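The block underneath contains the structure these notes are about, expressed in structure tokens.
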2 protein chains.
Amino acid sequence: MEIRLPIVPYNGRKGRHAFQSGKAGEETDSPFDRRLAKLLHYAAHIFCEKGYEGASMRDLSRAAGMSLAGLYHYVDSKEDLLYLIQKHAFRTIIERLQERLKGAHGAENRVRIFIENHLDYFLANKEAMKVLTHEDETLKNGRGAEIRAIKRDYYKICLDLLEELRQEKGLEFSGRLAVLGLFGMINWIYTWHNPRIDLDAGELAGEMSNLFLRGVLNPGKPKRKSAKANA
Amino acid sequence: MEIRLPIVPYNGRKGRHAFQSGKAGEETDSPFDRRLAKLLHYAAHIFCEKGYEGASMRDLSRAAGMSLAGLYHYVDSKEDLLYLIQKHAFRTIIERLQERLKGAHGAENRVRIFIENHLDYFLANKEAMKVLTHEDETLKNGRGAEIRAIKRDYYKICLDLLEELRQEKGLEFSGRLAVLGLFGMINWIYTWHNPRIDLDAGELAGEMSNLFLRGVLNPGKPKRKSAKANA
DNA sequence: AAAAGTGTCGAACGAACGTTCGGTAACCTG
DNA sequence: CAGGTTACCGAACGTTCGTTCGACACTTTT
């Protein structure tokens, strides 16, 4: 269950600032880091609204109240912005998940924790999470490989939880299909969730967990007949 | 269950060519229409690969073996390309669904048909469907409104099917949540489906239907205790 | 007090973008 | 065969893009 951290960050200022190295939750105290964090926040907002390709560095400079050239003091490139946003979001989610999973017993309960953790962070950081989800094939080469590796780790955690569940309950289902079905349900939320009319993270996590777990747990095969038979 | 068709297509060549007016399945026989269909096919491929914003008309001209200026003989603008791709995909899906639903009885069976129809078209037209799914907020103004209207219709069909199911079986669940959970599962597929290792459309539809229907049908509330309780 | 480093900026660079213009063949129609 | 329409193209237009350069003030170090 240990997460493999990337060997070296794809960023020129290696290790000199807390935000860009070390754990996700580490204190980011230097003024440089605070300003960078703000920039990433604005950038997430803009990428979320216009998409990565559709957003321009000039948009960001306007939003941040900083000159275009000034941005490059904090980031190497536009790609770097996306990379930092995605890395931070992923690491935080995984870190919090591992914290919550510590000492939690029972496969079913652990799956519920996974879902609740995902949705908690998801709905509290909708913009960053839409960028994470929507632009997941955008990064190329090194930065892309690093993010994809973190994503695979996260997928693996979920897969392990589900196989734990399958063994504990003596069920039969495809782990891959179950994970991807579950991810579909919970990642799709950014396309429709409206905080004014929809449930909050905790309630939503409960409902989604019920829907998913009942689907996985119940061995019953309701009406086996093919859909084609009646068409 | 009748689908409201858009009043007027957002395209200069109104009604003069089969591809751009009339039903989705209508014969598209004129050479103009055949060439346009090919262009849309190439465009879907490029939009799928690089995203709408990231793709350029020059990419398309290269892929189609036609000059940059020549493209504008067939399409009004880059936006028009996206619009035509999305409209055609949506209309075809809905048209085929209504065909399959005709004379199909039993709410559960009808839901299975919905899922199978979606996945059949989805996996047979992955590129266009990724464009439909991924670029669903890209179109603005008139064209965007028209596509969003078709999408609402499709959503409504699914919602009606699920409420039919709920009544027939005397269940209690949120239709909105169920529809959106289901859409999440089946639309997410484009992010992971690999024809070499994953099930084909029919099998996948069966598995997804089982997963979803068991989740919806089984009234049991497995382990009600909150996820937080054990964290 | 000099030197080095940090934060910020206006201006510009070359490249790429969507789109348009004027023209040229080929084809259909009368 | 004349005249218009259709299919297509090279070249360009004006704009926007990501990024860089050289400079200026301010702070910290020597």
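Ordering of the structure tokens sets the chain letters (A, B, ...), residue numbers begin anew at 1 in every chain, and ligands are numbered from 1 in the order given.
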ask   = Near segment 9-19 of chain C, counting only C-alpha atoms (C1' of nucleotides), which residues have an atom at most 10 Å away, once you skip same-chain residues fewer than 4 positions from it, shown as a list in words?
value = Met66, Ser67, Leu68, Ala69 and Gly70 of chain A; Ser56, Met57, Arg58, Leu68, Ala69, Tyr72, Asp76, Ser77 and Lys78 of chain B; DC13, DG14, DT15, DT16, DC17, DG18, DT19, DT20, DC21, DG22, DA23 and DC24 of chain D
Select from chain A every residue with an atom at most 8 Å from any atom of chain B, then for each give the shortest pair of atoms and their distance in Å to one decimal, using only C-alpha atoms, rows by chain and rising number, as a Markdown table.
```
| residue | atom | partner | partner_atom | distance |
| --- | --- | --- | --- | --- |
| A:Glu53 | CA | B:Glu53 | CA | 5.6 |
| A:Gly54 | CA | B:Glu53 | CA | 5.8 |
| A:Arg100 | CA | B:Ala231 | CA | 5.1 |
| A:Leu101 | CA | B:Ala231 | CA | 6.5 |
| A:Lys102 | CA | B:Ala231 | CA | 7.3 |
| A:Gly103 | CA | B:Ala231 | CA | 7.1 |
| A:Ala104 | CA | B:Asn230 | CA | 5.5 |
| A:His105 | CA | B:Asn230 | CA | 7.4 |
| A:Asn109 | CA | B:Ala227 | CA | 6.1 |
| A:Arg110 | CA | B:Ala227 | CA | 7.7 |
| A:Arg112 | CA | B:Ala227 | CA | 5.6 |
| A:Ile113 | CA | B:Ala227 | CA | 5.3 |
| A:Glu116 | CA | B:Ala227 | CA | 7.2 |
| A:His134 | CA | B:His134 | CA | 7.6 |
| A:Leu180 | CA | B:Met185 | CA | 7.6 |
| A:Gly181 | CA | B:Met185 | CA | 4.9 |
| A:Leu182 | CA | B:Met185 | CA | 7.0 |
| A:Phe183 | CA | B:Met185 | CA | 7.6 |
| A:Gly184 | CA | B:Met185 | CA | 4.4 |
| A:Met185 | CA | B:Gly184 | CA | 4.4 |
| A:Ile186 | CA | B:Gly184 | CA | 7.3 |
| A:Asn187 | CA | B:Gly184 | CA | 7.3 |
| A:Trp188 | CA | B:Gly184 | CA | 4.9 |
| A:Ile189 | CA | B:Gly184 | CA | 7.5 |
| A:Trp192 | CA | B:Leu180 | CA | 7.8 |
| A:Gly206 | CA | B:Ser226 | CA | 7.7 |
| A:Met208 | CA | B:Gly181 | CA | 7.7 |
| A:Asn210 | CA | B:Lys221 | CA | 7.0 |
| A:Leu211 | CA | B:Gly215 | CA | 4.5 |
| A:Phe212 | CA | B:Gly215 | CA | 5.9 |
| A:Leu213 | CA | B:Gly215 | CA | 6.9 |
| A:Arg214 | CA | B:Gly215 | CA | 4.5 |
| A:Gly215 | CA | B:Gly215 | CA | 3.8 |
| A:Val216 | CA | B:Leu211 | CA | 6.2 |
| A:Asn218 | CA | B:Arg214 | CA | 6.7 |
| A:Gly220 | CA | B:Arg214 | CA | 7.5 |
| A:Lys221 | CA | B:Asn210 | CA | 7.0 |
| A:Pro222 | CA | B:Arg214 | CA | 7.2 |
| A:Ser226 | CA | B:Gly206 | CA | 7.8 |
| A:Ala227 | CA | B:Ile113 | CA | 5.3 |
| A:Lys228 | CA | B:Ile113 | CA | 7.3 |
| A:Asn230 | CA | B:Ala104 | CA | 5.6 |
| A:Ala231 | CA | B:Arg100 | CA | 5.2 |
```
query = Where does DSSP see helix (DSSP H, G or I) in segment 49-185 of chain A, if you list the residues as a PyMOL selection string?
reply = chain A and resi 49-50+57-64+68-71+78-101+107-124+126-134+141-169+175-185
What are the closest atom pairs, with distances in Å to one decimal, for all residues of chain D lying within 9 Å of chain B? Consider only C-alpha atoms (C1' of nucleotides), order rows by chain and residue number, and present the result as a Markdown table.
```
| residue | atom | partner | partner_atom | distance |
| --- | --- | --- | --- | --- |
| D:DA7 | C1' | B:His73 | CA | 7.8 |
| D:DC8 | C1' | B:Gly70 | CA | 5.5 |
| D:DC9 | C1' | B:Ser67 | CA | 6.4 |
```
inquiry  = I'd like the contact shell of Tyr121 of chain B - 12 Å cut-off, only C-alpha atoms (C1' of nucleotides), skipping same-chain residues fewer than 3 positions apart - returned as a PyMOL selection string.
reply    = chain B and resi 88-97+114-118+124-130+186-187+190+200-202+205
Would you save the residues of that selection, restricted to C-alpha atoms, as a short mmCIF file (atom, residue, chain, number, x, y, z; two decimals), in the first residue's frame?
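For reference, again.cif as written:
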```cif
data_model
loop_
_atom_site.label_atom_id
_atom_site.label_comp_id
_atom_site.auth_asym_id
_atom_site.auth_seq_id
_atom_site.Cartn_x
_atom_site.Cartn_y
_atom_site.Cartn_z
CA HIS B 88 -24.60 13.50 -35.88
CA ALA B 89 -23.42 11.27 -33.04
CA PHE B 90 -26.23 12.28 -30.69
CA ARG B 91 -28.95 11.95 -33.28
CA THR B 92 -27.80 8.57 -34.40
CA ILE B 93 -27.64 7.27 -30.86
CA ILE B 94 -31.11 8.50 -30.03
CA GLU B 95 -32.57 7.29 -33.29
CA ARG B 96 -31.21 3.79 -32.81
CA LEU B 97 -32.34 3.74 -29.22
CA PHE B 114 -30.58 1.68 -23.14
CA ILE B 115 -27.20 0.64 -21.79
CA GLU B 116 -26.49 -1.76 -24.60
CA ASN B 117 -27.42 0.78 -27.24
CA HIS B 118 -25.20 3.39 -25.66
CA ALA B 124 -18.06 1.41 -32.46
CA ASN B 125 -17.46 5.18 -32.68
CA LYS B 126 -15.00 5.78 -29.90
CA GLU B 127 -13.40 8.85 -31.39
CA ALA B 128 -16.60 10.72 -32.09
CA MET B 129 -17.92 9.72 -28.67
CA LYS B 130 -14.84 10.96 -26.91
CA ILE B 186 -20.80 4.30 -19.26
CA ASN B 187 -19.29 7.58 -20.44
CA TYR B 190 -13.55 6.14 -23.26
CA ASP B 200 -16.68 -6.08 -26.29
CA ALA B 201 -19.73 -3.84 -26.31
CA GLY B 202 -22.33 -6.53 -25.73
CA ALA B 205 -23.19 -3.75 -21.51
#
```
task = For atom C1' of DA11 of chain D and atom CA of Leu60 of chain B, determine how far apart the two atoms are, in Å to one decimal place.
result =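 Result for atom C1' of DA11 of chain D versus atom CA of Leu60 of chain B: 18.9 Å, one decimal.
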task = Could you please determine the separation between atom C1' of DC27 of chain C and atom C1' of DG4 of chain D in Å, to one decimal place?
result =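 These two atoms are separated by 10.5 Å.
If you measure from each of A:Ile46, A:Gly65, A:Asp29, A:Gly144 to chain C using only C-alpha atoms (C1' of nucleotides), the closest one turns out to be A:Gly65.
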